[in-house]
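So this one's work24.cif, mmCIF, N, CA and C atoms and all ligand atoms:
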```
data_coords
#
loop_
_atom_site.label_atom_id
_atom_site.label_comp_id
_atom_site.auth_asym_id
_atom_site.auth_seq_id
_atom_site.Cartn_x
_atom_site.Cartn_y
_atom_site.Cartn_z
N MET A 4 31.34 -12.97 -27.86
CA MET A 4 30.54 -11.87 -28.43
C MET A 4 30.01 -12.31 -29.81
N SER A 5 28.73 -12.02 -30.07
CA SER A 5 28.12 -12.44 -31.33
C SER A 5 28.43 -11.47 -32.46
N LEU A 6 28.21 -11.92 -33.69
CA LEU A 6 28.36 -11.03 -34.84
C LEU A 6 27.33 -9.91 -34.77
N PHE A 7 26.14 -10.23 -34.23
CA PHE A 7 25.10 -9.20 -34.09
C PHE A 7 25.60 -8.08 -33.18
N LYS A 8 26.20 -8.46 -32.06
CA LYS A 8 26.72 -7.43 -31.14
C LYS A 8 27.85 -6.65 -31.81
N ASP A 9 28.75 -7.37 -32.50
CA ASP A 9 29.83 -6.70 -33.24
C ASP A 9 29.27 -5.62 -34.16
N TYR A 10 28.23 -6.02 -34.89
CA TYR A 10 27.63 -5.13 -35.88
C TYR A 10 27.06 -3.87 -35.21
N ILE A 11 26.28 -4.09 -34.15
CA ILE A 11 25.64 -2.95 -33.47
C ILE A 11 26.70 -2.00 -32.91
N LEU A 12 27.74 -2.57 -32.30
CA LEU A 12 28.78 -1.72 -31.69
C LEU A 12 29.58 -0.97 -32.76
N GLU A 13 29.78 -1.64 -33.93
CA GLU A 13 30.55 -0.98 -34.98
C GLU A 13 29.75 0.11 -35.69
N ARG A 14 28.42 -0.11 -35.78
CA ARG A 14 27.62 0.78 -36.62
C ARG A 14 26.83 1.84 -35.87
N THR A 15 26.68 1.68 -34.56
CA THR A 15 25.82 2.60 -33.81
C THR A 15 26.46 2.99 -32.49
N GLU A 16 25.78 3.89 -31.78
CA GLU A 16 26.21 4.26 -30.42
C GLU A 16 25.51 3.40 -29.37
N LYS A 17 24.77 2.38 -29.84
CA LYS A 17 23.99 1.55 -28.91
C LYS A 17 24.86 0.52 -28.22
N GLN A 18 24.33 -0.03 -27.13
CA GLN A 18 25.00 -1.08 -26.37
C GLN A 18 24.19 -2.37 -26.52
N VAL A 19 24.84 -3.50 -26.31
CA VAL A 19 24.15 -4.80 -26.38
C VAL A 19 24.52 -5.62 -25.16
N LEU A 20 23.52 -6.19 -24.52
CA LEU A 20 23.77 -7.14 -23.43
C LEU A 20 23.21 -8.49 -23.85
N GLU A 21 24.07 -9.50 -23.89
CA GLU A 21 23.65 -10.83 -24.34
C GLU A 21 23.77 -11.82 -23.19
N THR A 22 22.85 -12.78 -23.17
CA THR A 22 22.95 -13.88 -22.21
C THR A 22 22.70 -15.18 -22.98
N ASP A 23 22.69 -16.31 -22.28
CA ASP A 23 22.41 -17.59 -22.94
C ASP A 23 20.98 -17.65 -23.45
N THR A 24 20.09 -16.84 -22.88
CA THR A 24 18.67 -16.96 -23.24
C THR A 24 18.14 -15.80 -24.08
N GLY A 25 18.93 -14.74 -24.24
CA GLY A 25 18.41 -13.63 -25.02
C GLY A 25 19.37 -12.47 -25.10
N PHE A 26 18.87 -11.35 -25.57
CA PHE A 26 19.71 -10.15 -25.66
C PHE A 26 18.85 -8.91 -25.55
N ALA A 27 19.50 -7.80 -25.25
CA ALA A 27 18.83 -6.50 -25.27
C ALA A 27 19.76 -5.49 -25.92
N VAL A 28 19.18 -4.60 -26.70
CA VAL A 28 19.90 -3.47 -27.29
C VAL A 28 19.41 -2.23 -26.56
N TYR A 29 20.34 -1.44 -26.06
CA TYR A 29 19.95 -0.26 -25.29
C TYR A 29 20.86 0.92 -25.59
N SER A 30 20.37 2.09 -25.19
CA SER A 30 21.15 3.31 -25.47
C SER A 30 20.89 4.32 -24.36
N TYR A 31 21.65 5.40 -24.43
CA TYR A 31 21.52 6.47 -23.44
C TYR A 31 21.14 7.76 -24.19
N PRO A 32 19.83 8.02 -24.36
CA PRO A 32 19.41 9.20 -25.12
C PRO A 32 19.79 10.53 -24.46
N ASP A 33 19.94 10.54 -23.14
CA ASP A 33 20.48 11.71 -22.46
C ASP A 33 21.19 11.23 -21.19
N GLU A 34 21.73 12.16 -20.42
CA GLU A 34 22.61 11.79 -19.30
C GLU A 34 21.92 11.01 -18.19
N THR A 35 20.59 11.15 -18.10
CA THR A 35 19.90 10.49 -16.98
C THR A 35 18.94 9.38 -17.43
N THR A 36 18.97 9.04 -18.72
CA THR A 36 17.99 8.07 -19.23
C THR A 36 18.65 6.91 -19.95
N VAL A 37 18.18 5.70 -19.63
CA VAL A 37 18.57 4.53 -20.41
C VAL A 37 17.32 4.02 -21.14
N TYR A 38 17.51 3.68 -22.40
CA TYR A 38 16.40 3.30 -23.27
C TYR A 38 16.63 1.88 -23.78
N ILE A 39 15.77 0.94 -23.38
CA ILE A 39 15.86 -0.41 -23.94
C ILE A 39 15.13 -0.39 -25.28
N GLU A 40 15.90 -0.48 -26.34
CA GLU A 40 15.33 -0.34 -27.68
C GLU A 40 14.77 -1.66 -28.20
N ASP A 41 15.47 -2.75 -27.91
CA ASP A 41 15.03 -4.08 -28.34
C ASP A 41 15.37 -5.07 -27.25
N ILE A 42 14.48 -6.03 -27.09
CA ILE A 42 14.79 -7.10 -26.14
C ILE A 42 14.19 -8.38 -26.71
N TYR A 43 14.95 -9.45 -26.58
CA TYR A 43 14.51 -10.72 -27.17
C TYR A 43 14.91 -11.87 -26.25
N ILE A 44 13.94 -12.74 -25.98
CA ILE A 44 14.22 -13.95 -25.20
C ILE A 44 13.83 -15.15 -26.05
N ASP A 45 14.69 -16.15 -26.05
CA ASP A 45 14.43 -17.39 -26.79
C ASP A 45 13.05 -17.93 -26.43
N LYS A 46 12.33 -18.44 -27.46
CA LYS A 46 10.94 -18.85 -27.24
C LYS A 46 10.77 -19.90 -26.13
N THR A 47 11.78 -20.77 -25.97
CA THR A 47 11.64 -21.84 -24.98
C THR A 47 11.85 -21.34 -23.55
N HIS A 48 12.26 -20.08 -23.40
CA HIS A 48 12.55 -19.57 -22.05
C HIS A 48 11.64 -18.41 -21.64
N ARG A 49 10.58 -18.20 -22.38
CA ARG A 49 9.75 -17.02 -22.08
C ARG A 49 8.88 -17.20 -20.83
N GLN A 50 8.43 -16.06 -20.34
CA GLN A 50 7.59 -15.96 -19.15
C GLN A 50 8.22 -16.64 -17.93
N SER A 51 9.53 -16.54 -17.86
CA SER A 51 10.27 -17.02 -16.68
C SER A 51 11.12 -15.89 -16.12
N HIS A 52 10.76 -14.66 -16.48
CA HIS A 52 11.40 -13.45 -15.98
C HIS A 52 12.82 -13.24 -16.47
N TYR A 53 13.18 -13.88 -17.59
CA TYR A 53 14.52 -13.63 -18.15
C TYR A 53 14.61 -12.20 -18.70
N ALA A 54 13.53 -11.73 -19.33
CA ALA A 54 13.57 -10.35 -19.86
C ALA A 54 13.68 -9.36 -18.70
N SER A 55 12.94 -9.60 -17.65
CA SER A 55 13.01 -8.71 -16.48
C SER A 55 14.42 -8.71 -15.90
N GLN A 56 15.06 -9.89 -15.88
CA GLN A 56 16.42 -9.97 -15.33
C GLN A 56 17.41 -9.20 -16.19
N LEU A 57 17.25 -9.35 -17.53
CA LEU A 57 18.12 -8.59 -18.44
C LEU A 57 17.95 -7.09 -18.20
N ALA A 58 16.69 -6.66 -18.09
CA ALA A 58 16.41 -5.24 -17.87
C ALA A 58 17.00 -4.79 -16.52
N ASN A 59 16.89 -5.66 -15.51
CA ASN A 59 17.47 -5.31 -14.19
C ASN A 59 18.99 -5.13 -14.31
N ASN A 60 19.62 -6.01 -15.11
CA ASN A 60 21.07 -5.89 -15.28
C ASN A 60 21.44 -4.58 -15.98
N ILE A 61 20.61 -4.19 -16.95
CA ILE A 61 20.87 -2.92 -17.66
C ILE A 61 20.67 -1.74 -16.70
N ILE A 62 19.69 -1.84 -15.83
CA ILE A 62 19.47 -0.78 -14.84
C ILE A 62 20.71 -0.61 -13.97
N GLU A 63 21.30 -1.73 -13.57
CA GLU A 63 22.51 -1.62 -12.71
C GLU A 63 23.63 -0.91 -13.46
N LEU A 64 23.81 -1.25 -14.76
CA LEU A 64 24.85 -0.58 -15.56
C LEU A 64 24.52 0.90 -15.72
N ALA A 65 23.24 1.20 -15.94
CA ALA A 65 22.82 2.59 -16.17
C ALA A 65 23.01 3.43 -14.90
N LYS A 66 22.72 2.82 -13.75
CA LYS A 66 22.88 3.56 -12.49
C LYS A 66 24.34 3.95 -12.27
N LEU A 67 25.26 3.09 -12.70
CA LEU A 67 26.68 3.40 -12.55
C LEU A 67 27.05 4.66 -13.34
N ARG A 68 26.27 4.95 -14.40
CA ARG A 68 26.49 6.16 -15.20
C ARG A 68 25.68 7.34 -14.69
N GLY A 69 24.89 7.12 -13.64
CA GLY A 69 24.09 8.21 -13.09
C GLY A 69 22.69 8.32 -13.64
N CYS A 70 22.23 7.30 -14.33
CA CYS A 70 20.86 7.35 -14.87
C CYS A 70 19.83 7.20 -13.76
N THR A 71 18.69 7.87 -13.94
CA THR A 71 17.60 7.80 -12.97
C THR A 71 16.27 7.38 -13.62
N LYS A 72 16.30 7.19 -14.92
CA LYS A 72 15.06 6.81 -15.63
C LYS A 72 15.36 5.74 -16.67
N MET A 73 14.37 4.85 -16.84
CA MET A 73 14.44 3.88 -17.94
C MET A 73 13.22 4.07 -18.82
N ILE A 74 13.42 4.04 -20.12
CA ILE A 74 12.25 4.08 -21.01
C ILE A 74 12.25 2.88 -21.96
N GLY A 75 11.07 2.59 -22.44
CA GLY A 75 10.88 1.55 -23.45
C GLY A 75 9.77 2.01 -24.37
N THR A 76 9.74 1.48 -25.58
CA THR A 76 8.73 1.93 -26.53
C THR A 76 7.97 0.75 -27.13
N VAL A 77 6.77 1.03 -27.56
CA VAL A 77 5.96 0.04 -28.28
C VAL A 77 5.50 0.68 -29.58
N VAL A 78 5.71 -0.03 -30.67
CA VAL A 78 5.22 0.42 -31.98
C VAL A 78 3.93 -0.35 -32.25
N PRO A 79 2.77 0.31 -32.17
CA PRO A 79 1.50 -0.41 -32.29
C PRO A 79 1.37 -1.25 -33.57
N SER A 80 2.01 -0.81 -34.66
CA SER A 80 1.87 -1.55 -35.92
C SER A 80 2.78 -2.78 -35.99
N ALA A 81 3.70 -2.92 -35.03
CA ALA A 81 4.61 -4.08 -35.05
C ALA A 81 3.86 -5.34 -34.61
N LYS A 82 4.38 -6.49 -35.02
CA LYS A 82 3.76 -7.76 -34.63
C LYS A 82 3.78 -7.90 -33.10
N ASN A 83 2.70 -8.43 -32.55
CA ASN A 83 2.61 -8.72 -31.11
C ASN A 83 2.81 -7.49 -30.23
N SER A 84 2.40 -6.33 -30.73
CA SER A 84 2.64 -5.11 -29.95
C SER A 84 1.83 -5.07 -28.65
N THR A 85 0.67 -5.74 -28.64
CA THR A 85 -0.12 -5.76 -27.39
C THR A 85 0.64 -6.52 -26.30
N ILE A 86 1.32 -7.60 -26.71
CA ILE A 86 2.13 -8.35 -25.73
C ILE A 86 3.28 -7.47 -25.23
N SER A 87 3.91 -6.75 -26.16
CA SER A 87 5.01 -5.86 -25.75
C SER A 87 4.53 -4.87 -24.70
N LEU A 88 3.33 -4.32 -24.93
CA LEU A 88 2.78 -3.36 -23.97
C LEU A 88 2.55 -4.03 -22.62
N LYS A 89 2.01 -5.26 -22.65
CA LYS A 89 1.79 -5.98 -21.39
C LYS A 89 3.10 -6.23 -20.65
N VAL A 90 4.15 -6.54 -21.42
CA VAL A 90 5.45 -6.82 -20.79
C VAL A 90 5.98 -5.55 -20.11
N LEU A 91 5.88 -4.42 -20.80
CA LEU A 91 6.39 -3.17 -20.20
C LEU A 91 5.56 -2.78 -18.98
N LEU A 92 4.24 -2.98 -19.07
CA LEU A 92 3.39 -2.71 -17.89
C LEU A 92 3.75 -3.67 -16.76
N GLY A 93 3.96 -4.95 -17.12
CA GLY A 93 4.33 -5.97 -16.13
C GLY A 93 5.64 -5.63 -15.46
N TYR A 94 6.52 -4.91 -16.19
CA TYR A 94 7.83 -4.56 -15.65
C TYR A 94 7.76 -3.25 -14.85
N GLY A 95 6.56 -2.72 -14.72
CA GLY A 95 6.39 -1.54 -13.86
C GLY A 95 6.50 -0.21 -14.58
N MET A 96 6.48 -0.24 -15.91
CA MET A 96 6.56 1.04 -16.64
C MET A 96 5.18 1.68 -16.74
N GLU A 97 5.21 3.01 -16.83
CA GLU A 97 3.98 3.78 -16.97
C GLU A 97 4.00 4.53 -18.28
N LEU A 98 2.82 4.90 -18.74
CA LEU A 98 2.70 5.63 -19.99
C LEU A 98 3.32 7.03 -19.85
N LYS A 99 4.20 7.37 -20.79
CA LYS A 99 4.83 8.70 -20.78
C LYS A 99 4.32 9.58 -21.91
N SER A 100 4.22 9.02 -23.11
CA SER A 100 3.70 9.80 -24.23
C SER A 100 3.31 8.85 -25.35
N ALA A 101 2.56 9.37 -26.31
CA ALA A 101 2.13 8.54 -27.43
C ALA A 101 2.05 9.40 -28.69
N GLY A 102 2.54 8.85 -29.78
CA GLY A 102 2.43 9.50 -31.08
C GLY A 102 1.64 8.60 -32.00
N PRO A 103 1.62 8.90 -33.30
CA PRO A 103 0.80 8.13 -34.25
C PRO A 103 1.11 6.62 -34.24
N ASP A 104 2.39 6.24 -34.17
CA ASP A 104 2.71 4.81 -34.14
C ASP A 104 3.84 4.53 -33.16
N LEU A 105 3.81 5.24 -32.03
CA LEU A 105 4.86 5.04 -31.02
C LEU A 105 4.33 5.38 -29.64
N ILE A 106 4.39 4.40 -28.75
CA ILE A 106 4.01 4.61 -27.36
C ILE A 106 5.29 4.59 -26.53
N VAL A 107 5.48 5.60 -25.72
CA VAL A 107 6.68 5.67 -24.87
C VAL A 107 6.27 5.39 -23.43
N MET A 108 6.92 4.38 -22.85
CA MET A 108 6.68 3.99 -21.47
C MET A 108 7.96 4.24 -20.67
N GLY A 109 7.82 4.40 -19.36
CA GLY A 109 9.03 4.62 -18.59
C GLY A 109 8.83 4.40 -17.11
N LYS A 110 9.96 4.34 -16.41
CA LYS A 110 9.91 4.26 -14.95
C LYS A 110 11.20 4.81 -14.35
N ASP A 111 11.07 5.25 -13.11
CA ASP A 111 12.25 5.69 -12.38
C ASP A 111 13.08 4.48 -11.97
N ILE A 112 14.39 4.64 -11.93
CA ILE A 112 15.24 3.50 -11.55
C ILE A 112 16.12 3.89 -10.38
C1 LIG B 201 8.70 -9.71 -24.95
C2 LIG B 201 9.72 -10.71 -24.40
C3 LIG B 201 11.12 -10.12 -24.44
C4 LIG B 201 9.34 -11.02 -22.93
O1 LIG B 201 10.33 -11.90 -22.40
P1 LIG B 201 10.02 -12.78 -21.09
O2 LIG B 201 11.32 -13.27 -20.55
O3 LIG B 201 9.01 -13.79 -21.45
O4 LIG B 201 9.39 -11.68 -20.12
P2 LIG B 201 9.31 -11.80 -18.52
O5 LIG B 201 9.12 -13.25 -18.16
O6 LIG B 201 10.48 -11.12 -17.91
O7 LIG B 201 7.97 -11.02 -18.24
C5 LIG B 201 7.91 -9.67 -17.77
C6 LIG B 201 6.47 -9.37 -17.43
O8 LIG B 201 5.69 -9.36 -18.63
C7 LIG B 201 4.66 -10.33 -18.57
N1 LIG B 201 4.59 -11.07 -19.83
C8 LIG B 201 5.62 -11.66 -20.47
N2 LIG B 201 5.19 -12.25 -21.60
C9 LIG B 201 3.85 -12.02 -21.63
C10 LIG B 201 2.82 -12.41 -22.54
N3 LIG B 201 3.10 -13.16 -23.63
N4 LIG B 201 1.57 -12.01 -22.29
C11 LIG B 201 1.28 -11.27 -21.19
N5 LIG B 201 2.20 -10.87 -20.27
C12 LIG B 201 3.47 -11.27 -20.51
C13 LIG B 201 5.05 -11.30 -17.48
O9 LIG B 201 3.90 -11.84 -16.91
C14 LIG B 201 5.87 -10.45 -16.54
O10 LIG B 201 5.05 -9.84 -15.57
P3 LIG B 201 4.98 -10.48 -14.08
O11 LIG B 201 6.29 -10.15 -13.42
O12 LIG B 201 3.81 -9.78 -13.48
O13 LIG B 201 4.84 -11.95 -14.23
C15 LIG B 201 9.66 -12.01 -25.21
O14 LIG B 201 8.33 -12.48 -25.27
C16 LIG B 201 10.18 -11.85 -26.62
O15 LIG B 201 11.38 -12.00 -26.87
N6 LIG B 201 9.28 -11.55 -27.59
C17 LIG B 201 9.70 -11.27 -28.96
C18 LIG B 201 10.47 -9.98 -29.07
C19 LIG B 201 9.66 -8.75 -28.62
O16 LIG B 201 8.46 -8.67 -28.84
N7 LIG B 201 10.36 -7.80 -28.02
C20 LIG B 201 9.77 -6.51 -27.61
C21 LIG B 201 9.32 -6.53 -26.19
S1 LIG B 201 8.89 -4.93 -25.55
#
```

Target format structure tokens, applied to this file:
Amino acid sequence: MSLFKDYILERTEKQVLETDTGFAVYSYPDETTVYIEDIYIDKTHRQSHYASQLANNIIELAKLRGCTKMIGTVVPSAKNSTISLKVLLGYGMELKSAGPDLIVMGKDI
């Protein structure tokens, strides 16, 4: 377990899933929803579906808790936000809502 994961678990209600190629931080905003808040894949391993695999693993964990929806967000002002949007669309998410600097995407799981 990394110090980053230690920190997140000690300081927040969020969960962390780590692999050799990346990590994801996720949470359960309500009883039926899992929210991938952050996801990161090492630069040398991108576009090989590692992020999709991480998300699939989180879906399996979320289903065990009875979740039926996954959401993800894009902050338009963040660096590379257009790529983030493409990744969420590529992963099958649809637009759910949008605010001044927050796009919420989601899909049934
Ligand atoms: C965003 C990130 C996690 C994607 O990881 P990845 O392992 O390369 O993503 P995947 O290979 O699983 O790709 C998922 C889908 O998004 C698409 N995609 C991934 N990177 C893309 C890019 N740079 N441009 C366009 N589409 C992209 C893929 O084509 C794939 O769709 P497909 O199944 O139709 O091929 C990675 O680029 C990263 O760590 N970036 C920095 C952190 C970040 O921006 N995180 C927020 C992401 S919402």

* Within 6 Å of ligand LIG 201 (chain B) (only N, CA and C atoms and all ligand atoms), residues as a PyMOL selection string -> chain A and resi 41-45+48-56+76+83+86-91+93-94

* Near Tyr29 in chain A, counting only C-alpha atoms, which residues have an atom at most 10 Å away, once you skip same-chain residues fewer than 4 positions from it, shown as number ranges by chain? -> A: 16-20, 37-42, 58, 61, 65, 74-75

Kindly save the residues from that selection, with N, CA and C atoms included, as a PDB file, in the frame of the given file.
```pdb
ATOM      1  N   GLU A  16      25.780   3.890 -31.780  1.00  0.00           N
ATOM      2  CA  GLU A  16      26.210   4.260 -30.420  1.00  0.00           C
ATOM      3  C   GLU A  16      25.510   3.400 -29.370  1.00  0.00           C
ATOM      4  N   LYS A  17      24.770   2.380 -29.840  1.00  0.00           N
ATOM      5  CA  LYS A  17      23.990   1.550 -28.910  1.00  0.00           C
ATOM      6  C   LYS A  17      24.860   0.520 -28.220  1.00  0.00           C
ATOM      7  N   GLN A  18      24.330  -0.030 -27.130  1.00  0.00           N
ATOM      8  CA  GLN A  18      25.000  -1.080 -26.370  1.00  0.00           C
ATOM      9  C   GLN A  18      24.190  -2.370 -26.520  1.00  0.00           C
ATOM     10  N   VAL A  19      24.840  -3.500 -26.310  1.00  0.00           N
ATOM     11  CA  VAL A  19      24.150  -4.800 -26.380  1.00  0.00           C
ATOM     12  C   VAL A  19      24.520  -5.620 -25.160  1.00  0.00           C
ATOM     13  N   LEU A  20      23.520  -6.190 -24.520  1.00  0.00           N
ATOM     14  CA  LEU A  20      23.770  -7.140 -23.430  1.00  0.00           C
ATOM     15  C   LEU A  20      23.210  -8.490 -23.850  1.00  0.00           C
ATOM     16  N   VAL A  37      18.180   5.700 -19.630  1.00  0.00           N
ATOM     17  CA  VAL A  37      18.570   4.530 -20.410  1.00  0.00           C
ATOM     18  C   VAL A  37      17.320   4.020 -21.140  1.00  0.00           C
ATOM     19  N   TYR A  38      17.510   3.680 -22.400  1.00  0.00           N
ATOM     20  CA  TYR A  38      16.400   3.300 -23.270  1.00  0.00           C
ATOM     21  C   TYR A  38      16.630   1.880 -23.780  1.00  0.00           C
ATOM     22  N   ILE A  39      15.770   0.940 -23.380  1.00  0.00           N
ATOM     23  CA  ILE A  39      15.860  -0.410 -23.940  1.00  0.00           C
ATOM     24  C   ILE A  39      15.130  -0.390 -25.280  1.00  0.00           C
ATOM     25  N   GLU A  40      15.900  -0.480 -26.340  1.00  0.00           N
ATOM     26  CA  GLU A  40      15.330  -0.340 -27.680  1.00  0.00           C
ATOM     27  C   GLU A  40      14.770  -1.660 -28.200  1.00  0.00           C
ATOM     28  N   ASP A  41      15.470  -2.750 -27.910  1.00  0.00           N
ATOM     29  CA  ASP A  41      15.030  -4.080 -28.340  1.00  0.00           C
ATOM     30  C   ASP A  41      15.370  -5.070 -27.250  1.00  0.00           C
ATOM     31  N   ILE A  42      14.480  -6.030 -27.090  1.00  0.00           N
ATOM     32  CA  ILE A  42      14.790  -7.100 -26.140  1.00  0.00           C
ATOM     33  C   ILE A  42      14.190  -8.380 -26.710  1.00  0.00           C
ATOM     34  N   ALA A  58      16.690  -6.660 -18.090  1.00  0.00           N
ATOM     35  CA  ALA A  58      16.410  -5.240 -17.870  1.00  0.00           C
ATOM     36  C   ALA A  58      17.000  -4.790 -16.520  1.00  0.00           C
ATOM     37  N   ILE A  61      20.610  -4.190 -16.950  1.00  0.00           N
ATOM     38  CA  ILE A  61      20.870  -2.920 -17.660  1.00  0.00           C
ATOM     39  C   ILE A  61      20.670  -1.740 -16.700  1.00  0.00           C
ATOM     40  N   ALA A  65      23.240   1.200 -15.940  1.00  0.00           N
ATOM     41  CA  ALA A  65      22.820   2.590 -16.170  1.00  0.00           C
ATOM     42  C   ALA A  65      23.010   3.430 -14.900  1.00  0.00           C
ATOM     43  N   ILE A  74      13.420   4.040 -20.120  1.00  0.00           N
ATOM     44  CA  ILE A  74      12.250   4.080 -21.010  1.00  0.00           C
ATOM     45  C   ILE A  74      12.250   2.880 -21.960  1.00  0.00           C
ATOM     46  N   GLY A  75      11.070   2.590 -22.440  1.00  0.00           N
ATOM     47  CA  GLY A  75      10.880   1.550 -23.450  1.00  0.00           C
ATOM     48  C   GLY A  75       9.770   2.010 -24.370  1.00  0.00           C
TER      49      GLY A  75
END
```

* What's the 9 Å shell around Cys70 in chain A, counting only C-alpha atoms, without same-chain residues fewer than 6 positions away, as a PyMOL selection string? -> chain A and resi 31+33-37+62+64+112

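Close contacts of Lys110 in chain A, defined as residues with an atom at most 7 Å away when counting only C-alpha atoms, with chain neighbours fewer than 2 positions off set aside, comprise Lys72, Met73, Ile74, Gly95, Met96, Glu97 and Ile112 of chain A.
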
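Minimum atom-to-atom distances from A:Thr47, A:Leu57, A:Lys8, A:Lys99 to Thr22 in chain A were compared using only C-alpha atoms, and the lowest value belongs to A:Leu57.
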
* Expected answer as a PyMOL selection string: strand (DSSP E) residues in range 41-81 of chain A -> chain A and resi 41-44+72-77

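Proximity of A:Met4, A:Ile106, A:Arg14, A:Gly25 to Thr85 in chain A, computed with only C-alpha atoms, is greatest for A:Ile106.
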
* To do: Enumerate, as a PyMOL selection string, the complete set of residues in chain A that a backbone-based DSSP assignment places in alpha helix (DSSP H).
  => chain A and resi 6-14+53-67+84-93

Extending 4 Å beyond the listed atoms of range 69-87 of chain A on each side, what axis-aligned box results? I want centre and edge lengths in Å to one decimal, as AutoDock Vina command-line options.
```
--center_x 12.4 --center_y -0.2 --center_z -24.5 --size_x 33.0 --size_y 25.0 --size_z 31.0
```

* Structure fact -> What separates CA of Pro79 in chain A and CA of Gly102 in chain A is a distance of 10.0 Å

Reconstructed range 13-28 of chain A, atom set N, CA, C and O atoms, as a PDB file, keeping the file's coordinate frame:
```pdb
ATOM      1  N   GLU A  13      29.780  -1.640 -33.930  1.00  0.00           N
ATOM      2  CA  GLU A  13      30.550  -0.980 -34.980  1.00  0.00           C
ATOM      3  C   GLU A  13      29.750   0.110 -35.690  1.00  0.00           C
ATOM      4  O   GLU A  13      30.306   1.132 -36.096  1.00  0.00           O
ATOM      5  N   ARG A  14      28.420  -0.110 -35.780  1.00  0.00           N
ATOM      6  CA  ARG A  14      27.620   0.780 -36.620  1.00  0.00           C
ATOM      7  C   ARG A  14      26.830   1.840 -35.870  1.00  0.00           C
ATOM      8  O   ARG A  14      26.318   2.769 -36.476  1.00  0.00           O
ATOM      9  N   THR A  15      26.680   1.680 -34.560  1.00  0.00           N
ATOM     10  CA  THR A  15      25.820   2.600 -33.810  1.00  0.00           C
ATOM     11  C   THR A  15      26.460   2.990 -32.490  1.00  0.00           C
ATOM     12  O   THR A  15      27.501   2.461 -32.101  1.00  0.00           O
ATOM     13  N   GLU A  16      25.780   3.890 -31.780  1.00  0.00           N
ATOM     14  CA  GLU A  16      26.210   4.260 -30.420  1.00  0.00           C
ATOM     15  C   GLU A  16      25.510   3.400 -29.370  1.00  0.00           C
ATOM     16  O   GLU A  16      25.622   3.636 -28.179  1.00  0.00           O
ATOM     17  N   LYS A  17      24.770   2.380 -29.840  1.00  0.00           N
ATOM     18  CA  LYS A  17      23.990   1.550 -28.910  1.00  0.00           C
ATOM     19  C   LYS A  17      24.860   0.520 -28.220  1.00  0.00           C
ATOM     20  O   LYS A  17      25.972   0.223 -28.671  1.00  0.00           O
ATOM     21  N   GLN A  18      24.330  -0.030 -27.130  1.00  0.00           N
ATOM     22  CA  GLN A  18      25.000  -1.080 -26.370  1.00  0.00           C
ATOM     23  C   GLN A  18      24.190  -2.370 -26.520  1.00  0.00           C
ATOM     24  O   GLN A  18      22.984  -2.332 -26.779  1.00  0.00           O
ATOM     25  N   VAL A  19      24.840  -3.500 -26.310  1.00  0.00           N
ATOM     26  CA  VAL A  19      24.150  -4.800 -26.380  1.00  0.00           C
ATOM     27  C   VAL A  19      24.520  -5.620 -25.160  1.00  0.00           C
ATOM     28  O   VAL A  19      25.701  -5.695 -24.799  1.00  0.00           O
ATOM     29  N   LEU A  20      23.520  -6.190 -24.520  1.00  0.00           N
ATOM     30  CA  LEU A  20      23.770  -7.140 -23.430  1.00  0.00           C
ATOM     31  C   LEU A  20      23.210  -8.490 -23.850  1.00  0.00           C
ATOM     32  O   LEU A  20      22.011  -8.597 -24.174  1.00  0.00           O
ATOM     33  N   GLU A  21      24.070  -9.500 -23.890  1.00  0.00           N
ATOM     34  CA  GLU A  21      23.650 -10.830 -24.340  1.00  0.00           C
ATOM     35  C   GLU A  21      23.770 -11.820 -23.190  1.00  0.00           C
ATOM     36  O   GLU A  21      24.689 -11.728 -22.380  1.00  0.00           O
ATOM     37  N   THR A  22      22.850 -12.780 -23.170  1.00  0.00           N
ATOM     38  CA  THR A  22      22.950 -13.880 -22.210  1.00  0.00           C
ATOM     39  C   THR A  22      22.700 -15.180 -22.980  1.00  0.00           C
ATOM     40  O   THR A  22      22.463 -15.150 -24.189  1.00  0.00           O
ATOM     41  N   ASP A  23      22.690 -16.310 -22.280  1.00  0.00           N
ATOM     42  CA  ASP A  23      22.410 -17.590 -22.940  1.00  0.00           C
ATOM     43  C   ASP A  23      20.980 -17.650 -23.450  1.00  0.00           C
ATOM     44  O   ASP A  23      20.675 -18.431 -24.344  1.00  0.00           O
ATOM     45  N   THR A  24      20.090 -16.840 -22.880  1.00  0.00           N
ATOM     46  CA  THR A  24      18.670 -16.960 -23.240  1.00  0.00           C
ATOM     47  C   THR A  24      18.140 -15.800 -24.080  1.00  0.00           C
ATOM     48  O   THR A  24      16.998 -15.871 -24.549  1.00  0.00           O
ATOM     49  N   GLY A  25      18.930 -14.740 -24.240  1.00  0.00           N
ATOM     50  CA  GLY A  25      18.410 -13.630 -25.020  1.00  0.00           C
ATOM     51  C   GLY A  25      19.370 -12.470 -25.100  1.00  0.00           C
ATOM     52  O   GLY A  25      20.564 -12.591 -24.754  1.00  0.00           O
ATOM     53  N   PHE A  26      18.870 -11.350 -25.570  1.00  0.00           N
ATOM     54  CA  PHE A  26      19.710 -10.150 -25.660  1.00  0.00           C
ATOM     55  C   PHE A  26      18.850  -8.910 -25.550  1.00  0.00           C
ATOM     56  O   PHE A  26      17.616  -8.960 -25.737  1.00  0.00           O
ATOM     57  N   ALA A  27      19.500  -7.800 -25.250  1.00  0.00           N
ATOM     58  CA  ALA A  27      18.830  -6.500 -25.270  1.00  0.00           C
ATOM     59  C   ALA A  27      19.760  -5.490 -25.920  1.00  0.00           C
ATOM     60  O   ALA A  27      20.987  -5.540 -25.728  1.00  0.00           O
ATOM     61  N   VAL A  28      19.180  -4.600 -26.700  1.00  0.00           N
ATOM     62  CA  VAL A  28      19.900  -3.470 -27.290  1.00  0.00           C
ATOM     63  C   VAL A  28      19.410  -2.230 -26.560  1.00  0.00           C
ATOM     64  O   VAL A  28      18.197  -2.023 -26.448  1.00  0.00           O
TER      65      VAL A  28
END
```
